[in-house]
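To start, the structure itself, in C-alpha cells.
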Amino acid sequence: MAAASVATGILLPSGSASAAATADPTLDSATKAAFQRLADAVFTDRTQSLVSDAGNGRHKSHPQRTSGFTGKVRLSEKQSREERSTLDELRARKSRLARLGEQYSGAGTRVTLDATRVKGRYATADVTETTTLAYEHAKGAGPETTGFRARHELTFQADRKGDWQLTGVRDTDDGHVAVNQVAKPSVAAPATAADPPSATRSATTWPAPANPKNFTATGYDYNAMAAYATKYWSNYNPDYPDFSGAAAGGDCTNFVSQSLKAGGWQHVPGYTTDFHKWFGNSEIQSDSFVGVNEFSWFALSSKRATSLANVYQMDVGDVLQLDFDKDGSKDHSMIVTKRSRQGMPYVTYHSNDTYNRSVASIVASYPTAAYYAYRT
C-alpha cells in the first residue's frame, strides 16, 4: 500500500521530446506512487473547496493541488474541465451550507492505493479516500468533526510518449453520498407489498418547530444506539453480513437496524418477506431489517416509529431516509448520533461510511430530494 498524503505542488518530470515509444508502458513502483499522489490531490482539492476561505487562509483563485502535476502523470484536458466543474459545484454547496449556518474550518484528506491494473495503454487504480472536516465554531454539544471513507476507481490512458493521463474518476461505493461527492446518488428499485403504510414527507426548513423527544417513554436506550453507530461506522461488526456494494441497495438500512437493535429493538420473527416482521443476525435477515422501504413499512406499522414534520426535529436514535429522485421509493437510511443545543441533528451511516454529518449538509447537498424523518 502506497504512503498516504503528500505535500502540495508535486511536480513530476516532464516527458522526453524523443520519438513516441512503440512498446506498451508498464506500471513501475514510481508510476503507481504518482497515481496515488494525483488521486490524493484530486480529492484534497474537492474537500478543500468546502472549507471556509477565512478558515483555510486560501483564496478561491489559489492554484489547486492538481495543477502541480505535469509530465509523466497528469490530468487530461477533459478531466481538468471535469474537476473545475466539480469544484464549482462544491463551492456552491459550501454557500448553501453557510446560509444554513454551517461552515468547515479545516479538513484533511488521505488517499491509499489499493490496487492497479494495466492493459495495453490503459490502466485503472482503486483507491480509498479517508476525509475529516472540522466544524467551525463547534459548540452546544455538537460534534467537533465529521468524516467519511469512500472508494474510487481512477482510469488512466498513456499517450504516445508513454505519459499517463487521468481520464476518469468513478465512485465505487453504492451510496454516493459523501460530503465532497457530486455524483448522482444511487436509487433503489421500487419495493412492493400489499397495503404498506405511507410515510409522511418531512419539511427541510430551518429552524424547525419544537418537538422535544421523550427519552424515557419507550424504554429504549438511544445513547446505546448512537454508541453502536459510532463504534461501527467504519469498522463493520463481523456478527452481521456486509451488504456494501450489493445490488439490493447497500448496507445503510442493515446498519441502522443493527444500531436500533443495540438500543433495545426486539426481533419479530417470521417470514423474511413479511414487512410486519423484523429480525437480523449473521445468518438471516428480514427484508425490513435490510431494505429501505421495508424498514419504513415495519417501523410505522409496528408503531415503533412515527413520522416527524421536519428533519431538524430529529434527536439521537431517530432515523432519516431520503428518496433522491422523488419516485416514491426511498433510497437511503441514516441514524442520528448527536444533536446540538442549537437544534442541529447529526447522522451516521454506511455507504458511504460517514459519521456525524449534519442534516444541514445533507439538505444542502441534495436540495431536491424527498426527506422522511422518523421519531423512534
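Starting from 1 in every chain, residues are counted up; chains themselves are A, B, ... following the order of the C-alpha cells, and ligands are numbered from 1 as listed.
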Residues of range 294-366 of chain A that have any atom at most 6 Å from an atom of range 219-233 of chain A: could you tabulate them with the shortest-distance atom pair and the distance in Å to one decimal, using only C-alpha atoms, ordered by chain and increasing number, as CSV?
residue,atom,partner,partner_atom,distance
A:Gly317,CA,A:Tyr222,CA,5.0
A:Thr337,CA,A:Ala226,CA,4.5
A:Asp353,CA,A:Trp233,CA,5.9
Exercise for the section: Show which residues sit within 9 Å of range 92-103 of chain A, as a PyMOL selection string. Count only C-alpha atoms, and ignore same-chain residues fewer than 5 positions away. Expected result: chain A and resi 49-52+55+87+134-137+206+358+360-361+363-365
Exercise for the section: Using DSSP on the backbone coordinates, identify all residues within range 122-325 of chain A classified as helix (DSSP H, G or I); present the result as a VMD selection string. Expected result: chain A and resid 222 to 232 252 to 262 287 to 290 292 to 301 311 to 313
Got time to write the residues from that selection, C-alpha atoms, as a PDB file, in the first residue's frame?
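Now in part29.pdb:
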ATOM      1  CA  TYR A 222     -30.980   5.830  22.483  1.00  0.00           C
ATOM      2  CA  ASN A 223     -27.464   6.567  23.682  1.00  0.00           C
ATOM      3  CA  ALA A 224     -26.626   2.890  23.136  1.00  0.00           C
ATOM      4  CA  MET A 225     -27.901   3.210  19.563  1.00  0.00           C
ATOM      5  CA  ALA A 226     -25.620   6.183  18.968  1.00  0.00           C
ATOM      6  CA  ALA A 227     -22.675   4.453  20.633  1.00  0.00           C
ATOM      7  CA  TYR A 228     -23.112   1.404  18.404  1.00  0.00           C
ATOM      8  CA  ALA A 229     -23.268   3.510  15.242  1.00  0.00           C
ATOM      9  CA  THR A 230     -20.207   5.480  16.320  1.00  0.00           C
ATOM     10  CA  LYS A 231     -18.273   2.286  17.005  1.00  0.00           C
ATOM     11  CA  TYR A 232     -19.105   0.528  13.750  1.00  0.00           C
ATOM     12  CA  CYS A 252     -27.288   1.543   5.032  1.00  0.00           C
ATOM     13  CA  THR A 253     -30.515   0.065   6.441  1.00  0.00           C
ATOM     14  CA  ASN A 254     -28.749  -3.026   7.761  1.00  0.00           C
ATOM     15  CA  PHE A 255     -26.507  -0.669   9.760  1.00  0.00           C
ATOM     16  CA  VAL A 256     -29.441   1.394  11.050  1.00  0.00           C
ATOM     17  CA  SER A 257     -31.267  -1.765  12.136  1.00  0.00           C
ATOM     18  CA  GLN A 258     -28.192  -3.028  13.987  1.00  0.00           C
ATOM     19  CA  SER A 259     -27.974   0.286  15.839  1.00  0.00           C
ATOM     20  CA  LEU A 260     -31.645   0.183  16.827  1.00  0.00           C
ATOM     21  CA  LYS A 261     -31.254  -3.409  17.968  1.00  0.00           C
ATOM     22  CA  ALA A 262     -28.318  -2.370  20.149  1.00  0.00           C
ATOM     23  CA  ASP A 287     -36.382  -7.640   4.291  1.00  0.00           C
ATOM     24  CA  SER A 288     -37.400  -4.999   6.841  1.00  0.00           C
ATOM     25  CA  PHE A 289     -34.011  -5.299   8.566  1.00  0.00           C
ATOM     26  CA  VAL A 290     -32.012  -4.546   5.422  1.00  0.00           C
ATOM     27  CA  VAL A 292     -35.030   0.885   2.948  1.00  0.00           C
ATOM     28  CA  ASN A 293     -38.728   0.813   2.102  1.00  0.00           C
ATOM     29  CA  GLU A 294     -39.462  -2.368   4.036  1.00  0.00           C
ATOM     30  CA  PHE A 295     -37.894  -0.825   7.138  1.00  0.00           C
ATOM     31  CA  SER A 296     -40.216   2.175   6.848  1.00  0.00           C
ATOM     32  CA  TRP A 297     -43.239  -0.089   6.497  1.00  0.00           C
ATOM     33  CA  PHE A 298     -42.281  -2.146   9.556  1.00  0.00           C
ATOM     34  CA  ALA A 299     -41.368   0.837  11.714  1.00  0.00           C
ATOM     35  CA  LEU A 300     -44.675   2.607  11.037  1.00  0.00           C
ATOM     36  CA  SER A 301     -46.973  -0.424  11.109  1.00  0.00           C
ATOM     37  CA  VAL A 311     -35.994  16.836   9.631  1.00  0.00           C
ATOM     38  CA  TYR A 312     -34.498  19.245  12.161  1.00  0.00           C
ATOM     39  CA  GLN A 313     -36.810  17.871  14.864  1.00  0.00           C
TER      40      GLN A 313
END
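When only C-alpha atoms are used to measure the gap to Val111 in chain A, the shortest distance among A:Gln79, A:Phe35, A:Asp174, A:Gly142 belongs to A:Phe35.
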Practice task
Give me the residues within 7 Å of range 322-327 of chain A as a PyMOL selection string, counting only C-alpha atoms and dropping any in the same chain fewer than 2 places off.
Solution key: chain A and resi 185+187+320+329-333+369-372
Practice task
Counting only C-alpha atoms, figure out which residue out of A:Thr368, A:Asn352, A:Asn211, A:Lys32 gets nearest to Met314 in chain A.
Solution key: A:Asn211
Exercise for the section: Kindly indicate which residue among A:Phe275, A:Phe148, A:Phe215, A:Trp164 lies nearest to Thr192 in chain A, using only C-alpha atoms for the distances. Expected result: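 Of the candidates, the smallest distance to Thr192 in chain A is held by A:Phe275.
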Practice task
Would you mind reading off the distance between CA of Leu27 in chain A and CA of Val118 in chain A, one decimal, in Å?
Solution key: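 So the answer is 7.3 Å.
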Exercise for the section: Give the strand (DSSP E or B) residues of range 21-193 of chain A, as assigned by DSSP on the backbone, as number ranges by chain. Expected result: A: 51, 73-75, 104-119, 122-135, 145-158, 164-171
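Taking CA of Thr132 in chain A and CA of Thr145 in chain A as endpoints, the distance between them is 6.7 Å.
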